[in-house]
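Source file upload19.cif; content: mmCIF, C-alpha atoms.
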data_entry
loop_
_atom_site.label_atom_id
_atom_site.label_comp_id
_atom_site.auth_asym_id
_atom_site.auth_seq_id
_atom_site.Cartn_x
_atom_site.Cartn_y
_atom_site.Cartn_z
CA MET A 1 26.11 20.57 3.18
CA ALA A 2 23.35 18.12 2.27
CA ARG A 3 24.39 14.75 0.88
CA SER A 4 23.57 14.02 -2.74
CA ARG A 5 20.61 11.68 -3.22
CA TYR A 6 22.82 9.53 -5.48
CA LEU A 7 25.33 8.77 -2.72
CA PRO A 8 24.83 5.75 -0.40
CA ASP A 9 23.34 6.47 3.02
CA ASN A 10 25.25 5.86 6.24
CA PHE A 11 23.67 2.48 6.90
CA THR A 12 24.51 1.14 3.45
CA LEU A 13 28.10 2.31 3.93
CA ALA A 14 28.12 0.59 7.32
CA LEU A 15 26.96 -2.67 5.67
CA VAL A 16 29.74 -2.47 3.07
CA ALA A 17 32.28 -1.78 5.81
CA THR A 18 30.98 -4.74 7.83
CA VAL A 19 31.29 -7.14 4.88
CA THR A 20 34.81 -5.85 4.17
CA LEU A 21 35.78 -6.27 7.83
CA ALA A 22 34.42 -9.83 7.90
CA SER A 23 36.30 -10.68 4.70
CA LEU A 24 39.62 -9.35 5.99
CA TRP A 25 39.29 -10.22 9.68
CA PRO A 26 36.58 -12.88 10.12
CA ALA A 27 35.62 -13.75 13.65
CA SER A 28 36.77 -17.23 14.67
CA GLY A 29 37.15 -19.32 17.79
CA ALA A 30 36.33 -17.47 20.99
CA THR A 31 35.75 -14.22 19.10
CA ALA A 32 33.15 -15.84 16.85
CA HIS A 33 31.47 -17.37 19.90
CA PHE A 34 31.36 -13.92 21.53
CA PHE A 35 29.78 -12.32 18.46
CA GLU A 36 27.23 -15.14 18.17
CA ARG A 37 26.20 -14.56 21.77
CA LEU A 38 26.09 -10.80 21.22
CA THR A 39 23.94 -11.27 18.12
CA THR A 40 21.56 -13.49 20.05
CA VAL A 41 21.25 -10.86 22.79
CA ALA A 42 20.70 -8.08 20.23
CA ILE A 43 17.99 -10.06 18.46
CA GLY A 44 16.28 -10.87 21.76
CA LEU A 45 16.42 -7.18 22.73
CA LEU A 46 14.97 -6.25 19.34
CA PHE A 47 11.96 -8.52 19.86
CA PHE A 48 11.57 -7.35 23.46
CA LEU A 49 11.42 -3.70 22.36
CA HIS A 50 8.99 -4.46 19.54
CA GLY A 51 6.78 -6.38 21.96
CA ALA A 52 6.75 -3.41 24.31
CA LYS A 53 6.04 -0.98 21.47
CA LEU A 54 3.12 -2.77 19.82
CA SER A 55 -0.41 -2.41 21.18
CA ARG A 56 -2.61 -5.41 21.84
CA GLU A 57 -4.86 -4.37 18.94
CA ALA A 58 -1.87 -4.24 16.58
CA VAL A 59 -0.68 -7.71 17.63
CA MET A 60 -4.11 -9.25 17.13
CA GLY A 61 -4.40 -7.50 13.78
CA GLY A 62 -1.09 -9.05 12.72
CA ILE A 63 -2.14 -12.55 13.77
CA THR A 64 -5.49 -12.39 11.96
CA HIS A 65 -4.11 -10.94 8.69
CA TRP A 66 -4.50 -14.32 6.98
CA ARG A 67 -4.38 -13.07 3.37
CA LEU A 68 -0.94 -11.57 3.93
CA HIS A 69 0.34 -14.72 5.66
CA LEU A 70 -0.92 -16.97 2.85
CA LEU A 71 0.87 -14.83 0.27
CA VAL A 72 4.14 -14.90 2.24
CA PHE A 73 3.96 -18.68 2.76
CA GLY A 74 3.14 -19.17 -0.92
CA ALA A 75 6.15 -17.10 -1.93
CA THR A 76 8.44 -18.94 0.48
CA PHE A 77 7.42 -22.56 -0.10
CA VAL A 78 5.81 -22.51 -3.58
CA MET A 79 7.19 -19.61 -5.63
CA PHE A 80 10.85 -20.17 -4.78
CA PRO A 81 10.89 -23.94 -5.48
CA LEU A 82 9.04 -23.39 -8.77
CA LEU A 83 11.55 -20.71 -9.78
CA GLY A 84 14.45 -23.02 -8.95
CA LEU A 85 13.02 -25.81 -11.11
CA ALA A 86 11.78 -23.61 -13.96
CA LEU A 87 15.13 -21.83 -14.31
CA LYS A 88 17.17 -25.06 -14.40
CA PRO A 89 18.02 -24.78 -18.14
CA VAL A 90 19.34 -21.26 -17.52
CA LEU A 91 21.04 -21.85 -14.17
CA THR A 92 22.85 -25.16 -14.70
CA PRO A 93 25.29 -23.87 -17.34
CA LEU A 94 26.41 -21.19 -14.89
CA VAL A 95 27.20 -23.42 -11.92
CA THR A 96 28.33 -26.96 -11.11
CA PRO A 97 25.73 -29.70 -10.44
CA GLU A 98 26.60 -29.59 -6.73
CA LEU A 99 26.04 -25.86 -6.59
CA TYR A 100 22.72 -26.21 -8.42
CA THR A 101 21.63 -28.70 -5.75
CA GLY A 102 22.54 -26.01 -3.24
CA VAL A 103 20.39 -23.51 -5.16
CA LEU A 104 17.41 -25.87 -4.96
CA PHE A 105 18.05 -26.35 -1.25
CA LEU A 106 18.08 -22.56 -0.87
CA CYS A 107 14.70 -22.40 -2.61
CA VAL A 108 12.97 -24.76 -0.15
CA LEU A 109 14.19 -23.07 3.03
CA PRO A 110 11.93 -20.98 5.30
CA ALA A 111 12.09 -17.22 5.45
CA THR A 112 14.59 -15.51 7.69
CA VAL A 113 13.14 -13.92 10.82
CA GLN A 114 15.53 -11.37 12.28
CA SER A 115 16.51 -9.34 9.23
CA ALA A 116 13.03 -9.55 7.65
CA ILE A 117 11.50 -8.00 10.76
CA ALA A 118 14.28 -5.46 11.17
CA PHE A 119 14.00 -4.34 7.54
CA THR A 120 10.20 -4.18 7.80
CA SER A 121 10.59 -1.94 10.82
CA MET A 122 13.17 0.23 9.07
CA ALA A 123 10.88 0.61 6.03
CA ARG A 124 7.86 1.38 8.28
CA GLY A 125 5.87 -1.66 7.25
CA ASN A 126 3.30 -3.76 9.11
CA MET A 127 5.44 -4.95 12.02
CA PRO A 128 2.87 -7.18 13.83
CA ALA A 129 2.16 -9.07 10.62
CA ALA A 130 5.90 -9.37 9.88
CA ILE A 131 6.63 -10.87 13.29
CA CYS A 132 3.79 -13.39 13.01
CA SER A 133 4.47 -14.30 9.38
CA ALA A 134 8.26 -14.65 9.58
CA SER A 135 8.16 -16.59 12.85
CA ALA A 136 5.47 -18.95 11.59
CA SER A 137 7.40 -19.47 8.34
CA THR A 138 10.49 -20.54 10.26
CA MET A 139 8.60 -22.94 12.50
CA LEU A 140 6.68 -24.47 9.58
CA GLY A 141 9.95 -24.79 7.68
CA VAL A 142 11.21 -27.31 10.23
CA PHE A 143 8.57 -29.69 8.85
CA ILE A 144 8.09 -28.47 5.25
CA THR A 145 11.75 -28.11 4.20
CA PRO A 146 12.70 -31.80 4.74
CA LEU A 147 9.62 -32.85 2.74
CA LEU A 148 10.54 -30.53 -0.13
CA VAL A 149 14.15 -31.74 -0.03
CA ASN A 150 12.91 -35.29 -0.56
CA LEU A 151 10.53 -34.21 -3.32
CA ILE A 152 12.63 -31.89 -5.49
CA VAL A 153 16.21 -31.51 -4.17
CA VAL A 154 17.25 -35.12 -3.56
CA PRO A 155 14.37 -37.34 -4.69
CA ASN A 156 14.14 -40.64 -2.80
CA GLY A 157 16.55 -39.29 -0.17
CA ALA A 158 16.07 -39.46 3.55
CA ALA A 159 15.55 -36.26 5.52
CA SER A 160 14.84 -35.43 9.10
CA ALA A 161 14.91 -32.29 11.24
CA SER A 162 15.28 -31.68 14.92
CA PHE A 163 12.33 -30.40 16.90
CA ASP A 164 14.85 -28.50 19.03
CA ALA A 165 14.72 -25.80 16.32
CA ILE A 166 11.18 -24.91 17.36
CA GLY A 167 12.30 -24.56 20.96
CA ARG A 168 15.18 -22.31 19.98
CA ILE A 169 12.89 -20.10 17.90
CA LEU A 170 10.40 -19.75 20.74
CA LEU A 171 13.13 -19.03 23.27
CA GLN A 172 15.07 -16.50 21.22
CA LEU A 173 12.24 -14.65 19.49
CA MET A 174 8.78 -15.16 20.91
CA VAL A 175 9.64 -15.23 24.63
CA PRO A 176 11.31 -11.78 24.55
CA PHE A 177 8.45 -10.44 22.41
CA VAL A 178 5.80 -11.71 24.83
CA ALA A 179 7.81 -10.44 27.82
CA GLY A 180 8.11 -6.98 26.29
CA HIS A 181 4.41 -6.95 25.42
CA LEU A 182 3.44 -7.90 28.97
CA LEU A 183 5.61 -5.06 30.30
CA ARG A 184 4.18 -2.57 27.82
CA PRO A 185 1.95 -0.78 30.38
CA TRP A 186 5.09 0.22 32.30
CA ILE A 187 7.74 0.74 29.61
CA GLY A 188 5.74 1.28 26.40
CA GLY A 189 5.60 5.05 26.81
CA TRP A 190 9.34 5.33 27.47
CA ILE A 191 10.15 3.32 24.35
CA LYS A 192 7.72 5.35 22.23
CA ARG A 193 9.40 8.58 23.29
CA ARG A 194 12.83 7.16 22.40
CA ALA A 195 12.34 5.84 18.88
CA SER A 196 16.06 6.24 18.24
CA VAL A 197 16.76 3.37 20.64
CA LEU A 198 14.64 0.99 18.55
CA THR A 199 16.29 2.22 15.35
CA LEU A 200 19.74 1.62 16.86
CA VAL A 201 18.82 -1.94 17.90
CA ASP A 202 17.22 -2.64 14.46
CA ARG A 203 20.30 -1.59 12.52
CA GLY A 204 22.79 -2.90 15.05
CA SER A 205 21.25 -6.37 14.97
CA ILE A 206 21.46 -6.41 11.15
CA LEU A 207 25.14 -5.43 11.21
CA LEU A 208 25.87 -8.15 13.77
CA VAL A 209 24.05 -10.77 11.69
CA VAL A 210 26.00 -9.69 8.59
CA TYR A 211 29.36 -9.83 10.36
CA THR A 212 28.83 -13.20 12.05
CA ALA A 213 27.29 -14.82 8.94
CA PHE A 214 29.91 -13.48 6.55
CA SER A 215 32.74 -14.40 8.95
CA ALA A 216 31.48 -17.98 9.03
CA ALA A 217 31.24 -18.02 5.23
CA VAL A 218 34.81 -16.74 4.81
CA ILE A 219 36.21 -19.23 7.34
CA GLU A 220 34.36 -22.08 5.55
CA GLY A 221 36.29 -21.14 2.41
CA LEU A 222 33.80 -18.86 0.68
CA TRP A 223 36.44 -17.65 -1.76
CA LYS A 224 38.27 -20.99 -2.18
CA GLN A 225 35.70 -23.77 -2.56
CA VAL A 226 34.79 -23.11 -6.18
CA PRO A 227 36.56 -21.72 -9.26
CA MET A 228 36.12 -18.02 -9.94
CA SER A 229 34.02 -18.77 -13.03
CA ALA A 230 31.57 -20.89 -11.02
CA LEU A 231 31.53 -18.30 -8.25
CA ALA A 232 30.70 -15.57 -10.77
CA GLY A 233 27.95 -17.77 -12.20
CA LEU A 234 26.59 -18.40 -8.72
CA LEU A 235 26.47 -14.66 -8.05
CA VAL A 236 24.40 -14.25 -11.21
CA VAL A 237 22.08 -17.10 -10.18
CA CYS A 238 21.50 -15.58 -6.73
CA ALA A 239 20.93 -12.14 -8.24
CA VAL A 240 18.34 -13.53 -10.69
CA LEU A 241 16.47 -15.42 -7.96
CA LEU A 242 16.43 -12.41 -5.64
CA ALA A 243 15.34 -10.02 -8.40
CA LEU A 244 12.50 -12.33 -9.45
CA ALA A 245 11.40 -12.85 -5.84
CA LEU A 246 11.33 -9.11 -5.16
CA PHE A 247 9.45 -8.44 -8.41
CA VAL A 248 6.85 -11.19 -7.89
CA THR A 249 6.14 -10.32 -4.24
CA THR A 250 5.86 -6.60 -5.07
CA TRP A 251 3.60 -7.22 -8.07
CA ALA A 252 1.41 -9.74 -6.23
CA SER A 253 0.92 -7.50 -3.18
CA ARG A 254 -0.18 -4.61 -5.40
CA ALA A 255 -2.34 -6.76 -7.68
CA LEU A 256 -4.19 -8.16 -4.65
CA GLY A 257 -4.87 -4.69 -3.24
CA PHE A 258 -2.63 -4.65 -0.16
CA ASP A 259 -1.69 -1.22 1.22
CA LYS A 260 1.89 0.05 1.31
CA ALA A 261 2.62 -1.18 4.86
CA ASP A 262 1.44 -4.69 3.97
CA GLU A 263 3.38 -4.57 0.69
CA ILE A 264 6.58 -3.84 2.63
CA THR A 265 5.93 -6.80 4.92
CA ILE A 266 5.18 -9.15 2.02
CA VAL A 267 8.29 -8.08 0.09
CA PHE A 268 10.70 -8.46 3.02
CA CYS A 269 9.19 -11.65 4.45
CA GLY A 270 8.44 -13.36 1.14
CA SER A 271 11.76 -12.76 -0.63
CA LYS A 272 14.18 -13.91 2.09
CA LYS A 273 15.78 -17.24 2.98
CA SER A 274 17.16 -18.14 6.38
CA LEU A 275 20.86 -18.80 6.84
CA ALA A 276 20.32 -19.49 10.54
CA SER A 277 17.88 -22.31 9.76
CA GLY A 278 19.50 -23.45 6.53
CA ILE A 279 22.98 -24.38 7.75
CA PRO A 280 21.79 -26.58 10.68
CA MET A 281 19.26 -28.24 8.37
CA ALA A 282 21.92 -28.89 5.72
CA LYS A 283 24.13 -30.61 8.30
CA VAL A 284 21.25 -32.94 9.15
CA LEU A 285 19.86 -33.52 5.66
CA PHE A 286 23.04 -34.03 3.61
CA ALA A 287 26.28 -36.00 3.84
CA SER A 288 29.07 -34.09 5.57
CA HIS A 289 31.29 -33.95 2.48
CA ALA A 290 28.51 -32.31 0.45
CA VAL A 291 27.49 -29.64 2.95
CA GLY A 292 30.07 -27.06 1.81
CA ALA A 293 28.78 -26.85 -1.76
CA ILE A 294 25.17 -27.12 -0.59
CA VAL A 295 25.31 -24.09 1.70
CA LEU A 296 27.52 -21.87 -0.47
CA PRO A 297 24.57 -20.57 -2.58
CA LEU A 298 22.70 -19.86 0.64
CA MET A 299 25.66 -17.93 2.06
CA LEU A 300 25.94 -15.76 -1.04
CA PHE A 301 22.17 -15.27 -1.35
CA HIS A 302 21.97 -14.35 2.34
CA GLN A 303 24.59 -11.61 2.01
CA MET A 304 23.03 -10.36 -1.23
CA GLN A 305 19.53 -10.17 0.24
CA LEU A 306 20.82 -8.20 3.24
CA MET A 307 22.64 -5.67 1.07
CA VAL A 308 19.82 -5.23 -1.46
CA CYS A 309 17.03 -5.15 1.12
CA ALA A 310 18.90 -2.60 3.22
CA VAL A 311 18.88 -0.22 0.25
CA LEU A 312 15.26 -1.11 -0.55
CA ALA A 313 14.17 -0.49 3.06
CA GLN A 314 15.79 2.94 2.97
CA ARG A 315 13.91 3.76 -0.26
CA TYR A 316 10.58 2.63 1.23
CA ALA A 317 11.22 4.72 4.36
CA ARG A 318 12.05 7.83 2.32
CA ARG A 319 8.93 7.39 0.18
CA LYS A 320 6.72 7.12 3.24
CA ALA A 321 8.41 10.16 4.82
CA ASP A 322 7.99 12.17 1.60
CA ALA A 323 4.34 11.14 1.40
CA ALA A 324 3.77 12.27 4.99
CA VAL A 325 5.41 15.63 4.30
CA ALA A 326 3.31 16.08 1.15
CA GLU A 327 0.15 15.33 3.12
CA ILE A 328 1.09 17.96 5.70
CA GLU A 329 1.74 20.51 2.96
CA LYS A 330 -1.73 19.86 1.52
CA VAL A 331 -3.36 20.47 4.91
CA LYS A 332 -1.49 23.74 5.61
CA PRO A 333 -3.29 25.92 3.04
CA ALA A 334 -6.67 24.65 4.18
CA ALA A 335 -5.75 25.38 7.80
#
For this file, produce the structure as structure tokens.
Amino acid sequence: MARSRYLPDNFTLALVATVTLASLWPASGATAHFFERLTTVAIGLLFFLHGAKLSREAVMGGITHWRLHLLVFGATFVMFPLLGLALKPVLTPLVTPELYTGVLFLCVLPATVQSAIAFTSMARGNMPAAICSASASTMLGVFITPLLVNLIVVPNGAASASFDAIGRILLQLMVPFVAGHLLRPWIGGWIKRRASVLTLVDRGSILLVVYTAFSAAVIEGLWKQVPMSALAGLLVVCAVLLALALFVTTWASRALGFDKADEITIVFCGSKKSLASGIPMAKVLFASHAVGAIVLPLMLFHQMQLMVCAVLAQRYARRKADAAVAEIEKVKPAA
């Protein structure tokens, strides 16, 4: 019997189950270390497979799509900080001053890479452009985020960031992608014939990121650091920011005439913030006693963006599939 369209799909149910599992049995110690390594391997495999799948023409098209990249960078480093500052009168009554500082820190972070690319792939967006845009956003964020922290988060503060982050990004993401692309003449056909393998790695890497990130949040005292009233207010703040980011990126991509594949890339790359980059940066940029409250908004926003974007990616994929079927039905009578 066919499932009702109003019921969640299997992947959404898997995300809910993963969050529940991490809340009840978070990975810690050696187990957490194992899952971090496994997540790193899964992400590297994801980029390797995408590198092997994409043609040279597609990669060059992604690199040279400068209008899309400018819009994503503007959303990440201009739109978000402006939203955080403009909404201050509305947001501050809902959260503590420390949590609002964390919200501003969230707003100046670079875009996430892994989940943005995985969701773009799931939604059948412009993958080459997503890989170039998200990766460049993360690398630029190493330099831009500390500057924005000094300007709007903690004025007159001192900030610095390690250049090791660039090396880790290149090693974990771009090296596997380039390796897969170089091997494309030998393995590209095999991967194209087995699209289910790429889908499994896409969704599996997202579930691993959710479990490891949420486990870390729970162990850091996600449910204990703030009163329930402030936590509820923070959930509202994160929901408002995410909703506005999704609306603005969707509206801007359509207003500027981008096609549906580019719109998907802009929405998923321009509305996300990186937990993987944010927590290490917070440890460097802020005093140790303040880090917990600073990163809590990021932890909640990160989980929220994964859950919401998973559903949104499914909707985009269904729309594109329905459009393809409709196109085929139009051709049949003519044939």
- Which residue of A:Ala230, A:Ile219, A:Ala75, A:Leu298 approaches A:Thr249 most closely, using all atoms listed in the file: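 Counting all atoms listed in the file, the residue closest to A:Thr249 is A:Ala75.
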- Message: With distances taken over all atoms listed in the file, which residue among A:Val209, A:Leu45, A:Leu24, A:Leu71 lies nearest A:Ser253?
- Response: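 The answer is A:Leu71, which sits nearest to A:Ser253.
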- Task: Let me know the residues the PyMOL selection byres ((chain A and resi 309) around 12) catches in the file above, as an NGL selection string.
- Result: :A and (11-12 or 15 or 115-120 or 122-123 or 206 or 242-243 or 245-246 or 264-265 or 267-272 or 301-308 or 310-317)
- In Å, how far is it from atom CA of A:Leu231 to atom CA of A:Leu21?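 Result for atom CA of A:Leu231 versus atom CA of A:Leu21: 20.5 Å, one decimal.
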- Task: Evaluate the PyMOL selection byres ((chain A and resi 210-215) around 10) and record the selected residues as a PyMOL selection string, following the chain and residue labels used in the document.
- Result: chain A and resi 15-28+31-36+38-39+115+204-209+216-220+222+275-276+299-300+302-303+306-307
- Item | Minimum-distance residue to A:Val178, chosen among A:Pro81, A:Pro89, A:Gly257, A:Gly51 (using all atoms listed in the file) |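 For A:Val178, the nearest of the given residues is A:Gly51.
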- Grab the atom CA of A:Leu106 to atom CA of A:Pro297 distance for me, in Å with one decimal place.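 Distance reported for this atom pair: 7.0 Å.
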- Query: Excluding same-chain residues fewer than 3 positions from A:Lys53, what lies within 9 Å of it counting only C-alpha atoms, as a list of chain:residue names?
  - Reply: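 My reading of the contact set: A:Phe48, A:Leu49, A:His50, A:Gly180, A:His181, A:Arg184, A:Ile187, A:Gly188, A:Gly189, A:Ile191, A:Lys192.
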- Task: Show which residues sit within 6 Å of stretch 145-149 of chain A, as a ChimeraX atom specification. Count all atoms listed in the file, and ignore same-chain residues fewer than 2 positions away.
- Result: /A:108-109,141,143,151-154,159
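One distance worth recording is that between atom CA of A:Gln172 and atom CA of A:Ser135, which is 10.9 Å.
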- Message: Using all atoms listed in the file for the distances, tell me which of A:Ala293, A:Val201, A:Val78, A:Met127 is nearest to A:Cys107.
- Response: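 Among the listed residues, the smallest separation from A:Cys107 belongs to A:Val78.
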- Message: With all atoms listed in the file as the counted atoms, please give the residues lying no more than 10 Å from A:Ala136, apart from itself and same-chain residues fewer than 3 positions off, as a PyMOL selection string.
- Response: chain A and resi 69+73+110-111+113+130-133+139-141+169
